[in-house]
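Remarks on the structure that follows.
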Amino acid sequence: MPKKNIPALQSFLKEFKAVIPQLNELTSLLNTLLEKPAENHQAIIDIYHKVYPLLETEIWSGTEFDVKLETYQVLFREQESLIAEIDVDNRHDFILSIPIADRPEHLRSCLESIYQLCLLYGYGGKSGGLFNKVKVIVAEDSKEQSNIEQHISLANEYSTGGLQVFHFGQQEQYEMLQSIPAEQRQFLGSILTNQPRERFYLKGQAANRNLSYLKFLQLTEDKENTLYYLVDSDQSFMVNRQAESGEQTVAAINYFYYINRIFSETDTTMLTGKLVGDPPVSPSVMAANFLQDVTAYLQQLAKLKPSGSCQFHQAAAVTDDAAYHDMAKLFGFENKADYFEYPCPLKGEHDNLTCLDGFSERVNAFFFGEHLTRKTQFVYNAEFTDLSPARTIYPGNYIVNYDGLKYIIPFGDLRLRMSGPTAGRLIQAEIKQRFASVNMPMLHTRTLQDDFANDFRPGVEKQAETINLTDEFERQFFGDLMLFTVVELSKQGELDKQLEVESIQQAINKVEIELLGLYQTKHETIKHRNSELKKLLENSTTWLSSLESAKPSIRKIQKFISNIELNFGEQSVGYLQIVSESHREQRKLQIIRALLNYRKERDAWDLLFP
């Protein structure tokens, strides 16, 4: 192996050994190995493994982030060129699935991030113009034919570019479903859907995701050496950081490399990672804290001169887990701050009035899942191979091996939110430490277009002047009810055996009382905070209500207030459903039936993966 084959590694060791003392030992080792490069080929490759965590610490804690990140990516590509010289690359192949429903722009963003990940880090290399070890399934669930056509076009575009993308259409999905023997298929309706051929769309994220497992089986060439990666279309293989110029999104994690190592070096069966960026939860559980932040922002703004230089560029990065969740304590997290400041994203010199204009343009995106003040940022705090016990599946960021294909997200026919945490508790009870979490989040972006209302979001209905969350609000409460019923059953040791009606009934009744109290408290808090916000905008002593040029922005914020009233006020249809005893009884029966049938459905599902 001539020295010219590893210039990036040699240059890095030389330039960084003064600031990273551990590199001196690696430099000596490399020099020894280079005396007989052909014999020490694998040992030289292994040096890169030792270098990466050292450089990562330097990237995330030091200066010149962009320069060091580029060095990091070059090192990976150089290592890949050495691996390509080995006769057989025994690392894992990856098959990714992206469930998609009427979101072509999101799909493009997601596919582009996969493509860039392959280009920048080179995992598995390329042959015949195609990336060797990465395939992507686009699992179609759209209703609109125009969107389906765009999704097909995107799959073709990226396939032409070297990324193997397979469009998994509804007709093919239906036929694969029907190919399962009827005596087995009868138990899989809640997992894979019972919708008829002529209406095989909008089946829901869980059902569509699970259907893509059938395509996994078809594309798998070596089940012992393949990993299956489930992602959402509104996510990308990026993380965010706070730079001097504002928030920056970067391809700073070599996901495939590290996930391959984790599954090769541990007994992990299922791996999940969190999300950064927009919160992965419904706006129905973020309204109270968002109102708090909006009020604080406008109170601060009212004390400043509208023509003064914008004062909202010093907001601290949000790194607290679940800081966006109104009921974070339910999940074991503490919200330490009374409010979070608005980080104005506008570039260049501008005044406070312009800042208000920008805020008002985005404030109603809240109802589509954006949180302007509590966007989570990535924090590097340990090596990417460090694992911790998991209890929640992040449906848009989890990976399984072939054995892990048995552990799906069930109960898709109920269309409840919190399906990932619910499934996570059931899986944790079954496979224990083989279900793990890692600090490799994906970037979550709820809205891509300037007109956020064009983004499709199940459970959100937009009309001329209103945005209605009734469906999502109802599914959130009963998703919480199901989740914490499962948590209660776990505490009692009931998940280790076949569930019984009596134990489920006792658990669900107990959780129902607790959740109703929490939701009622939150309901009152939202009504109070919305009223206070409304009063603030009606206060004639501030320029917010008196300045003519501010009125267009204020009207947009008043629209936000009206939509909060519609969705969380006294006559909120979603809330009235939640407090309706008859409606709760109906939903509880569905949940009880689903939990009772879980083992039988799983047994039928497991037969698909011999």
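In the structure tokens, chains take letters A, B, ... by order of appearance, with residues numbered from 1 within each chain and ligands from 1 in the order shown.
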Strand (DSSP E) call set, DSSP backbone run, range 287-523 of chain A, as a VMD selection string
chain A and resid 387 to 389 397 to 400 435 to 444 461 to 462 467 to 468
Polymer residues at most 12 Å from Ser28 in chain A, only C-alpha atoms, same-chain spacing of 2 or more positions, as an MDAnalysis selection string
chainID A and resid 10 13:14 17 22:26 30:35 44 47
Dump of N, CA, C and O atoms for the selected residues, as a CSV table (one decimal), in the first residue's frame:
```
chain,number,residue,atom,x,y,z
A,10,GLN,N,-2.8,10.7,7.0
A,10,GLN,CA,-1.5,11.2,7.4
A,10,GLN,C,-1.5,12.7,7.7
A,10,GLN,O,-0.9,13.1,8.6
A,13,LEU,N,-3.3,13.3,11.1
A,13,LEU,CA,-2.4,12.9,12.2
A,13,LEU,C,-1.3,14.0,12.5
A,13,LEU,O,-1.0,14.4,13.6
A,14,LYS,N,-0.8,14.5,11.4
A,14,LYS,CA,0.3,15.5,11.5
A,14,LYS,C,-0.3,16.8,12.0
A,14,LYS,O,0.3,17.5,12.9
A,17,LYS,N,-2.1,16.4,16.0
A,17,LYS,CA,-1.5,15.7,17.1
A,17,LYS,C,-1.1,16.7,18.2
A,17,LYS,O,-1.0,16.3,19.4
A,22,GLN,N,-3.7,11.9,21.9
A,22,GLN,CA,-3.8,10.5,21.6
A,22,GLN,C,-3.3,10.1,20.2
A,22,GLN,O,-3.0,9.0,19.9
A,23,LEU,N,-3.2,11.1,19.3
A,23,LEU,CA,-2.8,10.9,18.0
A,23,LEU,C,-1.4,10.5,17.8
A,23,LEU,O,-1.0,9.9,16.8
A,24,ASN,N,-0.5,10.9,18.8
A,24,ASN,CA,0.9,10.6,18.8
A,24,ASN,C,1.1,9.1,18.7
A,24,ASN,O,1.9,8.6,17.9
A,25,GLU,N,0.4,8.4,19.6
A,25,GLU,CA,0.5,6.9,19.6
A,25,GLU,C,0.0,6.3,18.3
A,25,GLU,O,0.6,5.4,17.8
A,26,LEU,N,-1.1,6.8,17.8
A,26,LEU,CA,-1.6,6.3,16.5
A,26,LEU,C,-0.7,6.6,15.4
A,26,LEU,O,-0.5,5.8,14.4
A,30,LEU,N,0.9,3.7,13.0
A,30,LEU,CA,0.7,3.8,11.5
A,30,LEU,C,2.0,3.7,10.8
A,30,LEU,O,2.2,2.9,9.8
A,31,ASN,N,3.0,4.4,11.3
A,31,ASN,CA,4.4,4.3,10.7
A,31,ASN,C,4.9,2.9,10.7
A,31,ASN,O,5.5,2.4,9.7
A,32,THR,N,4.7,2.2,11.8
A,32,THR,CA,5.1,0.8,11.9
A,32,THR,C,4.4,-0.1,10.8
A,32,THR,O,5.0,-0.9,10.2
A,33,LEU,N,3.1,0.1,10.8
A,33,LEU,CA,2.3,-0.7,9.8
A,33,LEU,C,2.6,-0.4,8.4
A,33,LEU,O,2.6,-1.3,7.6
A,34,LEU,N,3.0,0.8,8.1
A,34,LEU,CA,3.3,1.1,6.7
A,34,LEU,C,4.6,0.5,6.2
A,34,LEU,O,4.9,0.6,5.0
A,35,GLU,N,5.4,0.0,7.1
A,35,GLU,CA,6.6,-0.7,6.7
A,35,GLU,C,6.3,-2.0,5.9
A,35,GLU,O,7.0,-2.4,5.0
A,44,ILE,N,-4.4,-1.1,9.2
A,44,ILE,CA,-4.4,0.3,8.8
A,44,ILE,C,-5.8,0.8,8.7
A,44,ILE,O,-6.1,1.9,9.2
A,47,ILE,N,-7.2,1.8,12.1
A,47,ILE,CA,-6.8,3.1,12.7
A,47,ILE,C,-7.8,4.1,12.5
A,47,ILE,O,-8.0,5.0,13.4
```
Kindly give the distance, in Å, that separates CA of Asp66 in chain A and CA of Thr27 in chain A, rounded to a single decimal.
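Spanning CA of Asp66 in chain A to CA of Thr27 in chain A is a straight-line distance of 24.2 Å.
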Between A:Arg241, A:Lys551, A:Arg391, A:Arg599, which residue has the minimum interatomic distance to Lys497 in chain A, considering only C-alpha atoms?
A:Arg599
Kindly assemble as a Markdown table a list of the range 277-322 of chain A residues that lie within 9 Å of range 350-370 of chain A, each paired with its nearest atom pair and their distance in Å to one decimal, using only C-alpha atoms, sorted first by chain and then by ascending residue number.
```
| residue | atom | partner | partner_atom | distance |
| --- | --- | --- | --- | --- |
| A:Asp278 | CA | A:Glu370 | CA | 5.7 |
| A:Pro279 | CA | A:Gly369 | CA | 7.0 |
| A:Pro280 | CA | A:Gly369 | CA | 8.0 |
| A:Val281 | CA | A:Gly369 | CA | 7.4 |
| A:Ser282 | CA | A:Gly369 | CA | 6.2 |
| A:Pro283 | CA | A:Gly369 | CA | 5.5 |
| A:Ser284 | CA | A:Phe367 | CA | 8.3 |
| A:Met286 | CA | A:Phe366 | CA | 8.9 |
| A:Ala287 | CA | A:Phe366 | CA | 8.6 |
| A:Phe290 | CA | A:Phe366 | CA | 8.6 |
| A:Val294 | CA | A:Val363 | CA | 8.8 |
| A:Leu298 | CA | A:Leu356 | CA | 8.6 |
| A:Leu301 | CA | A:Asn352 | CA | 7.3 |
| A:Leu304 | CA | A:Asn352 | CA | 7.6 |
| A:Lys305 | CA | A:Asn352 | CA | 7.1 |
| A:Pro306 | CA | A:Leu353 | CA | 4.8 |
| A:Ser307 | CA | A:Asp351 | CA | 5.3 |
| A:Gly308 | CA | A:Asp351 | CA | 5.2 |
| A:Ser309 | CA | A:Asp351 | CA | 4.3 |
| A:Cys310 | CA | A:Asn352 | CA | 4.5 |
| A:Gln311 | CA | A:Asn352 | CA | 7.0 |
| A:Phe312 | CA | A:Cys355 | CA | 7.9 |
```
Selected residues, all heavy atoms, written as a compact mmCIF listing (two decimals), in the first residue's frame, please.
```
# COMPACT_ATOMS: atom_id res chain seq x y z
N ASP A 278 -37.94 20.17 14.58
CA ASP A 278 -39.33 20.32 15.02
C ASP A 278 -39.73 19.16 15.93
O ASP A 278 -39.29 18.03 15.74
CB ASP A 278 -40.27 20.35 13.80
CG ASP A 278 -40.15 21.65 13.02
OD1 ASP A 278 -39.82 22.68 13.62
OD2 ASP A 278 -40.38 21.63 11.80
N PRO A 279 -40.57 19.44 16.93
CA PRO A 279 -40.98 18.39 17.88
C PRO A 279 -41.67 17.22 17.18
O PRO A 279 -42.41 17.42 16.22
CB PRO A 279 -41.96 19.12 18.81
CG PRO A 279 -41.59 20.55 18.71
CD PRO A 279 -41.14 20.75 17.29
N PRO A 280 -41.46 16.00 17.67
CA PRO A 280 -42.07 14.82 17.07
C PRO A 280 -43.45 14.52 17.66
O PRO A 280 -43.89 13.37 17.64
CB PRO A 280 -41.08 13.71 17.42
CG PRO A 280 -40.53 14.13 18.74
CD PRO A 280 -40.48 15.63 18.71
N VAL A 281 -44.10 15.54 18.22
CA VAL A 281 -45.39 15.34 18.87
C VAL A 281 -46.45 16.24 18.24
O VAL A 281 -46.15 17.15 17.47
CB VAL A 281 -45.32 15.60 20.39
CG1 VAL A 281 -44.32 14.67 21.05
CG2 VAL A 281 -44.96 17.06 20.68
N SER A 282 -47.69 15.99 18.61
CA SER A 282 -48.81 16.76 18.08
C SER A 282 -48.88 18.15 18.70
O SER A 282 -48.56 18.33 19.88
CB SER A 282 -50.11 16.00 18.38
OG SER A 282 -51.23 16.84 18.21
N PRO A 283 -49.34 19.15 17.94
CA PRO A 283 -49.58 20.47 18.53
C PRO A 283 -50.60 20.42 19.66
O PRO A 283 -50.64 21.32 20.51
CB PRO A 283 -50.07 21.32 17.36
CG PRO A 283 -50.41 20.37 16.27
CD PRO A 283 -49.57 19.16 16.49
N SER A 284 -51.39 19.37 19.71
CA SER A 284 -52.39 19.27 20.78
C SER A 284 -51.77 19.11 22.15
O SER A 284 -52.44 19.31 23.16
CB SER A 284 -53.35 18.10 20.50
OG SER A 284 -52.67 16.87 20.49
N MET A 286 -48.75 20.77 22.84
CA MET A 286 -47.74 21.82 22.93
C MET A 286 -48.35 23.21 23.10
O MET A 286 -47.62 24.19 23.22
CB MET A 286 -46.86 21.82 21.67
CG MET A 286 -46.13 20.54 21.39
SD MET A 286 -44.87 20.69 20.10
CE MET A 286 -45.87 21.11 18.66
N ALA A 287 -49.67 23.31 23.11
CA ALA A 287 -50.32 24.62 23.06
C ALA A 287 -50.04 25.47 24.29
O ALA A 287 -49.85 26.68 24.19
CB ALA A 287 -51.82 24.45 22.84
N PHE A 290 -46.44 26.82 24.23
CA PHE A 290 -46.25 27.74 23.11
C PHE A 290 -46.92 29.08 23.39
O PHE A 290 -46.35 30.14 23.10
CB PHE A 290 -46.78 27.13 21.81
CG PHE A 290 -46.44 27.95 20.59
CD1 PHE A 290 -45.13 28.24 20.27
CD2 PHE A 290 -47.44 28.44 19.76
CE1 PHE A 290 -44.81 28.99 19.15
CE2 PHE A 290 -47.13 29.19 18.64
CZ PHE A 290 -45.81 29.47 18.33
N VAL A 294 -45.14 32.69 23.23
CA VAL A 294 -45.65 33.75 22.36
C VAL A 294 -45.94 35.01 23.18
O VAL A 294 -45.58 36.13 22.78
CB VAL A 294 -46.93 33.29 21.62
CG1 VAL A 294 -47.58 34.46 20.89
CG2 VAL A 294 -46.62 32.17 20.65
N LEU A 298 -44.09 38.74 22.79
CA LEU A 298 -44.81 39.97 22.49
C LEU A 298 -44.71 40.98 23.63
O LEU A 298 -44.69 42.20 23.38
CB LEU A 298 -46.27 39.65 22.19
CG LEU A 298 -46.49 38.85 20.88
CD1 LEU A 298 -47.94 38.44 20.75
CD2 LEU A 298 -46.05 39.67 19.67
N LEU A 301 -41.36 42.50 23.07
CA LEU A 301 -41.40 43.32 21.86
C LEU A 301 -42.10 44.65 22.11
O LEU A 301 -41.67 45.70 21.61
CB LEU A 301 -42.13 42.54 20.76
CG LEU A 301 -42.02 43.08 19.33
CD1 LEU A 301 -40.58 42.98 18.84
CD2 LEU A 301 -42.94 42.30 18.40
N LEU A 304 -39.99 47.52 23.28
CA LEU A 304 -38.93 48.01 22.39
C LEU A 304 -39.50 48.93 21.33
O LEU A 304 -40.69 48.91 21.03
CB LEU A 304 -38.25 46.81 21.71
CG LEU A 304 -37.61 45.77 22.63
CD1 LEU A 304 -37.20 44.54 21.83
CD2 LEU A 304 -36.41 46.35 23.36
N LYS A 305 -38.63 49.71 20.73
CA LYS A 305 -39.06 50.56 19.62
C LYS A 305 -39.21 49.72 18.36
O LYS A 305 -38.33 48.91 18.05
CB LYS A 305 -38.04 51.68 19.38
CG LYS A 305 -37.96 52.69 20.51
CD LYS A 305 -36.94 53.76 20.17
CE LYS A 305 -36.87 54.81 21.28
NZ LYS A 305 -35.87 55.87 20.99
N PRO A 306 -40.30 49.89 17.63
CA PRO A 306 -40.47 49.09 16.40
C PRO A 306 -39.37 49.34 15.38
O PRO A 306 -39.02 48.44 14.62
CB PRO A 306 -41.83 49.55 15.87
CG PRO A 306 -42.14 50.82 16.57
CD PRO A 306 -41.46 50.77 17.89
N SER A 307 -38.81 50.52 15.37
CA SER A 307 -37.75 50.84 14.41
C SER A 307 -36.36 50.49 14.93
O SER A 307 -35.37 50.64 14.21
CB SER A 307 -37.79 52.33 14.06
OG SER A 307 -37.62 53.12 15.25
N GLY A 308 -36.29 50.03 16.17
CA GLY A 308 -34.99 49.67 16.74
C GLY A 308 -34.46 48.38 16.16
O GLY A 308 -35.21 47.55 15.62
N SER A 309 -33.16 48.18 16.27
CA SER A 309 -32.53 46.97 15.74
C SER A 309 -33.09 45.74 16.45
O SER A 309 -33.29 45.75 17.67
CB SER A 309 -31.02 47.06 15.95
OG SER A 309 -30.39 45.90 15.46
N CYS A 310 -33.35 44.70 15.69
CA CYS A 310 -33.96 43.47 16.24
C CYS A 310 -33.15 42.94 17.42
O CYS A 310 -31.93 42.77 17.33
CB CYS A 310 -34.05 42.41 15.15
SG CYS A 310 -34.71 40.83 15.73
N GLN A 311 -33.85 42.66 18.51
CA GLN A 311 -33.22 42.22 19.74
C GLN A 311 -33.44 40.72 20.03
O GLN A 311 -33.28 40.28 21.17
CB GLN A 311 -33.77 43.04 20.91
CG GLN A 311 -33.47 44.52 20.83
CD GLN A 311 -31.97 44.79 20.85
OE1 GLN A 311 -31.28 44.42 21.80
NE2 GLN A 311 -31.47 45.42 19.80
N PHE A 312 -33.80 39.95 19.02
CA PHE A 312 -34.19 38.56 19.28
C PHE A 312 -33.26 37.56 18.58
O PHE A 312 -33.71 36.57 17.99
CB PHE A 312 -35.64 38.35 18.85
CG PHE A 312 -36.60 39.18 19.66
CD1 PHE A 312 -36.98 40.45 19.24
CD2 PHE A 312 -37.07 38.71 20.87
CE1 PHE A 312 -37.84 41.23 20.00
CE2 PHE A 312 -37.93 39.48 21.64
CZ PHE A 312 -38.32 40.74 21.21
```
Within 12 Å of Ile98 in chain A, counting only C-alpha atoms, which residues show up once you throw out same-chain ones fewer than 4 positions away? Write them as an MDAnalysis selection string, please.
chainID A and resid 103:104 106:111 114 135:141 151 155 165:168 205:206 208:213 215:216 228:236 395:398
If we count only C-alpha atoms, what is near Leu596 in chain A at a cut-off of 9 Å, once residues fewer than 5 positions away on the same chain are taken out, given as a CSV table (one decimal) with all heavy atoms, in the first residue's frame?
```csv
chain,number,residue,atom,x,y,z
A,498,GLN,N,-49.9,-13.7,28.7
A,498,GLN,CA,-51.1,-13.3,28.0
A,498,GLN,C,-52.0,-12.4,28.8
A,498,GLN,O,-52.3,-12.7,29.9
A,498,GLN,CB,-51.9,-14.6,27.6
A,498,GLN,CG,-53.3,-14.3,27.0
A,498,GLN,CD,-53.2,-13.6,25.7
A,498,GLN,OE1,-52.3,-13.9,24.8
A,498,GLN,NE2,-54.0,-12.6,25.5
A,499,LEU,N,-52.3,-11.3,28.2
A,499,LEU,CA,-53.1,-10.3,29.0
A,499,LEU,C,-54.5,-10.8,29.2
A,499,LEU,O,-55.1,-11.5,28.3
A,499,LEU,CB,-53.1,-9.0,28.2
A,499,LEU,CG,-51.8,-8.2,28.2
A,499,LEU,CD1,-51.8,-7.0,27.2
A,499,LEU,CD2,-51.4,-7.7,29.6
A,500,GLU,N,-55.1,-10.4,30.3
A,500,GLU,CA,-56.5,-10.8,30.6
A,500,GLU,C,-57.4,-9.5,30.7
A,500,GLU,O,-56.9,-8.4,31.0
A,500,GLU,CB,-56.5,-11.5,32.0
A,500,GLU,CG,-55.7,-12.8,32.1
A,500,GLU,CD,-56.2,-13.9,31.2
A,500,GLU,OE1,-57.4,-13.8,30.9
A,500,GLU,OE2,-55.5,-14.8,30.9
A,501,VAL,N,-58.7,-9.7,30.4
A,501,VAL,CA,-59.6,-8.6,30.4
A,501,VAL,C,-59.6,-7.8,31.7
A,501,VAL,O,-59.5,-6.6,31.8
A,501,VAL,CB,-61.0,-9.1,30.1
A,501,VAL,CG1,-62.0,-7.9,30.3
A,501,VAL,CG2,-61.1,-9.7,28.7
A,504,ILE,N,-56.4,-5.6,32.3
A,504,ILE,CA,-56.4,-4.4,31.4
A,504,ILE,C,-57.5,-3.4,31.8
A,504,ILE,O,-57.2,-2.2,31.9
A,504,ILE,CB,-56.7,-4.9,29.9
A,504,ILE,CG1,-55.7,-5.9,29.4
A,504,ILE,CG2,-56.8,-3.7,29.0
A,504,ILE,CD1,-56.0,-6.5,28.0
A,591,ILE,N,-59.4,-0.3,22.7
A,591,ILE,CA,-58.1,-0.5,23.3
A,591,ILE,C,-58.0,-1.8,24.0
A,591,ILE,O,-57.0,-2.6,23.8
A,591,ILE,CB,-57.7,0.7,24.3
A,591,ILE,CG1,-57.6,2.0,23.5
A,591,ILE,CG2,-56.4,0.4,25.0
A,591,ILE,CD1,-57.4,3.2,24.3
```
Exercise: Asp603 in chain A partners within 12 Å, only C-alpha atoms, chain neighbours under 5 positions left out, as a ChimeraX atom specification
/A:184-185,187-188,191,406-408,597-598,608-610
Tell me, which residues of range 339-512 of chain A carry DSSP alpha helix (DSSP H), written as a ChimeraX atom specification?
/A:352-362,419-431,470-491,501-512
